[in-house]
Each structure stands twice: as structure tokens, then as C-alpha cells.
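As C-alpha cells, the structure follows; a few thoughts come after it.
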Amino acid sequence: MIPESPQEQRILIAEYVLGLHAPEQEAEIARWLEQDSEAADLARRWQEHWLDAAALLEPVSLPPQLWKRISRRIEGTSGKRPRLWLQLWQSLTVWRALAASLLVAVALLLGPLRQPAPVYTVILQAPGEAANPGWRVTVSDAGELRLTPLMHGSYPADRSVQFWTLADPALGPRSLGLVEPDHPLVLPARRVGGVQSGQLFELTLEPAGGSPGKRPSGPILFMGRAVAL
Amino acid sequence: MLAVARRFTGDASLAEDALQETFVQVWKHAHRFDCERGSARTWLFGLLRYRLINQHHRARREAFEPLPGDHWADDGGSTPEQCYVEEDQRHRLIDCLQTLRLERRRPILMAYYQGFTYEQIAERLSVPLGTIKSRVRSGLKGLQECLRL
């Protein structure tokens, strides 16, 4: 039973994150958290703190076979060969084809209303503050880039925030222009160029009007790497 | 993540299975990740831990297996104010855990690292269930104050 007292509720959440209760009560608390966003937020904050304790364990190298197992599991091809209908049901290719067909149908129906699906995303975080995302970058399949603020930032009025990307260290960083703090930015594909997994994006604090050179001259405010979706 | 799963289950094979299924779950439900509700790392570890707890992959080993934190001093004398480091948000939990007395800290760490429930901790430490609940709740209350949660 979920207690009435706020203090007891807070301790219950701490206990739940540790998994201290029997399965039946864990399930009851999980249902409560699904309905109470404030309680769920506290649980998430406990979970974030407990990551520090996870970091105290000696890292374990992943057995080479494990990634292969995961890959096979995702593709649904591990184990015995199932019957044809089951193969089709479990086939990622079939589902992809069906999904693509559905997308085409929806696109034809909705036309201009369709938002391009992002194929890359980047969460820009202040250096050393992994739990505090500052901006989100999404890159659509058409190559359009959207930069969206996730928090309110305060920057000196006499400085500019500049957006950079680094695809190839040999070529150096490339400016994607100045950013108006707290406002989203959309860049067309021709301005962005190709994006690849792991590509670095960052926001730096520069003199008014931007860096005097072709490289960032000021401190990094936020940075992150592209992840393929 | 694998280190956490191994410590939790006490079994390399079970740990790898749990990690595998967690990543399959991530693959299937990546769209449910909302960066505004926490970091990707928190989400990943949360999924893994939820799976471990709910599949009863709890450690079956001895209670006195060495745990991280066993070597910390048992002074228990610091106040939450002393342990709170305003400028450095990282590692605050570790600082706060070190302020707890061993009798409160160890059952909490047994729950985190080995996945023991209240009943299992009481049984393994040969301490009455009520006493263990009281110690853990006092410890969690101390952590809560220290972490400003």
C-alpha cells in the first residue's frame, strides 16, 4: 500500500529504486510511479545518483560473442529456423518493408504535413555534466538539421554562441553559424553537409559576431556526438 | 553494465542474457527514450536493473562477499552539510554513502549490488527483519538529506 505521508512516500521510492521489496509490492509501486510524475521524477533522480555506485565496480570487458548474439537476436535469426509464417512475422526486413509502405501511404495522404524522420540525433551537454542536456540536434533523412534548446541558458550579452561540427579531425571544425540563445535553429542540408555516426557537434562562447578565425576560440558550452537512429 | 549485471546475478551467463535482452529492448523501444526525463545512461541502467529485479536474477551468493565501499571508514560522524559538495555534482552519492554508519550502509549496498530484498538481507545478516528495515530506512533518509532529494 502506498503511504499517505510525503516523507514515507519518498523513502518508499528510494527503497523501490534499490529493489528492496517483494515482487508484488514492487509492481504496485511501479503502477503508482506511472501515474505520479513527481514520484517518477524522484525515482529517476535516485537512479542517476546510483550510477556513481555502478562506476565503482571493476569494468568487465564484453565477450566478443555477446555483441554477435545481440545482433542475431535483433535480427531475429538466432536459434532454429522457424516456419515460414513465423520467419515472415519475425523478419526485420519484412517489417521494414511494411513500415516503408505504410510511410509512403501516409506521406501520400498527408503530403506537406509530414515531418521528416530524424536519422541522427545528438544531445549536447555541458562538459562534465552528462545528466544535464542543454540542446538537442536532429538530422532528418533529407539532411536538414534542427537545433533545439532543452534548457534556459544565460550568456554574456557582449558575446555570441557559435555552432560547430567536426566530421573529420584532419579537416578541422566547421562553423555552422551563430546561434540565438534559447531559440531553435534549422539548417538546410546544403549548409550541414554529410553527417555520420560519432560526428562531433558543439556550441562555444565566442566574441560578438563569432570566432575571429576558422576554429573555435572560446570555451565549449555544450558538446555531443551524433548517434544514428 | 555487464559488471553491474554480473555482481547482481552472481552468474556470468545470466548477466550476459540480461544485458542482451536489455539491448534488444533498447532497440525495440528507443523511441520511448525522452532525454528531458534523464540521461541515456540512466535509462539504460534503469532498464537493465528493472529486468534483473523482475526476473529474479538476484545474487545467490554469500552476504559477506566484498562490496565496493567496504573499505570506507566507519566514522558515521559527518553531517549531510559536511558531505554536500555544491560545486561538484558528480560522486555526491559516494560522498554521502561514506557518511553512513556501516550497519546502515552495508544493507543498502547489498540491495544495490546484489539485489537482495529486505527479507534476504535480514536472513543473510542474521538480523531481525524489523531492525534491517529500520537501519536501511534511516540510511536512505540520511542519503536523501545529503543528496537534497
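Each chain of the C-alpha cells is named A, B, ... in the order shown, its residues numbered from 1; ligands are numbered from 1 in display order.
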
**OP:** Return the neighbours of chain A among the residues of chain B, cut-off 8 Å, counting only C-alpha atoms, as an MDAnalysis selection string.
**Re:** chainID B and resid 1:4 16 20:21 23:24 27 35:39 42 45:46 53:54 68 90:94 108 111:112 115:118 137 140:141 149

Serialized selection, C-alpha atoms, as a PDB file, in the first residue's frame:
```pdb
ATOM      1  CA  MET B   1      26.510  -2.524 -17.329  1.00  0.00           C
ATOM      2  CA  LEU B   2      27.896  -6.020 -17.573  1.00  0.00           C
ATOM      3  CA  ALA B   3      29.803  -5.515 -14.326  1.00  0.00           C
ATOM      4  CA  VAL B   4      26.585  -4.478 -12.591  1.00  0.00           C
ATOM      5  CA  GLU B  16      25.055 -11.685 -20.354  1.00  0.00           C
ATOM      6  CA  GLN B  20      21.460  -8.965 -24.269  1.00  0.00           C
ATOM      7  CA  GLU B  21      17.744  -8.642 -23.588  1.00  0.00           C
ATOM      8  CA  PHE B  23      19.841  -4.055 -25.585  1.00  0.00           C
ATOM      9  CA  VAL B  24      17.132  -5.802 -27.580  1.00  0.00           C
ATOM     10  CA  TRP B  27      16.455  -1.482 -29.972  1.00  0.00           C
ATOM     11  CA  CYS B  35      16.170  12.993 -22.934  1.00  0.00           C
ATOM     12  CA  GLU B  36      14.181  15.528 -20.969  1.00  0.00           C
ATOM     13  CA  ARG B  37      13.448  12.805 -18.416  1.00  0.00           C
ATOM     14  CA  GLY B  38      17.070  11.853 -17.822  1.00  0.00           C
ATOM     15  CA  SER B  39      20.266  10.830 -19.495  1.00  0.00           C
ATOM     16  CA  THR B  42      20.268   6.445 -16.607  1.00  0.00           C
ATOM     17  CA  PHE B  45      20.929   1.209 -16.411  1.00  0.00           C
ATOM     18  CA  GLY B  46      17.288   1.584 -15.354  1.00  0.00           C
ATOM     19  CA  ILE B  53      14.929  -7.300 -10.356  1.00  0.00           C
ATOM     20  CA  ASN B  54      11.821  -8.510 -12.109  1.00  0.00           C
ATOM     21  CA  PRO B  68      32.650  -1.598  -3.049  1.00  0.00           C
ATOM     22  CA  ARG B  90      29.339  14.096  -9.541  1.00  0.00           C
ATOM     23  CA  HIS B  91      30.196  11.440  -6.967  1.00  0.00           C
ATOM     24  CA  ARG B  92      27.913  13.006  -4.412  1.00  0.00           C
ATOM     25  CA  LEU B  93      26.317   9.655  -3.700  1.00  0.00           C
ATOM     26  CA  ILE B  94      29.682   8.160  -2.817  1.00  0.00           C
ATOM     27  CA  ILE B 108      21.890  -0.646   1.310  1.00  0.00           C
ATOM     28  CA  ALA B 111      20.486  -4.274  -2.090  1.00  0.00           C
ATOM     29  CA  TYR B 112      22.127  -2.229  -4.823  1.00  0.00           C
ATOM     30  CA  GLY B 115      19.809  -7.286  -5.453  1.00  0.00           C
ATOM     31  CA  PHE B 116      18.808  -8.584  -2.039  1.00  0.00           C
ATOM     32  CA  THR B 117      15.345  -7.762  -0.703  1.00  0.00           C
ATOM     33  CA  TYR B 118      14.704  -6.809   2.917  1.00  0.00           C
ATOM     34  CA  ARG B 137      15.322   3.476   6.087  1.00  0.00           C
ATOM     35  CA  LEU B 140      18.122   6.170   2.979  1.00  0.00           C
ATOM     36  CA  LYS B 141      16.778   9.150   4.902  1.00  0.00           C
ATOM     37  CA  LEU B 149      16.396  14.795  -2.787  1.00  0.00           C
TER      38      LEU B 149
END
```

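With CA of Glu123 in chain B on one side and CA of Leu100 in chain B on the other, the separation reads 21.7 Å.
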
Correct to one decimal, the distance CA of Arg191 in chain A-CA of His152 in chain A is 26.1 Å
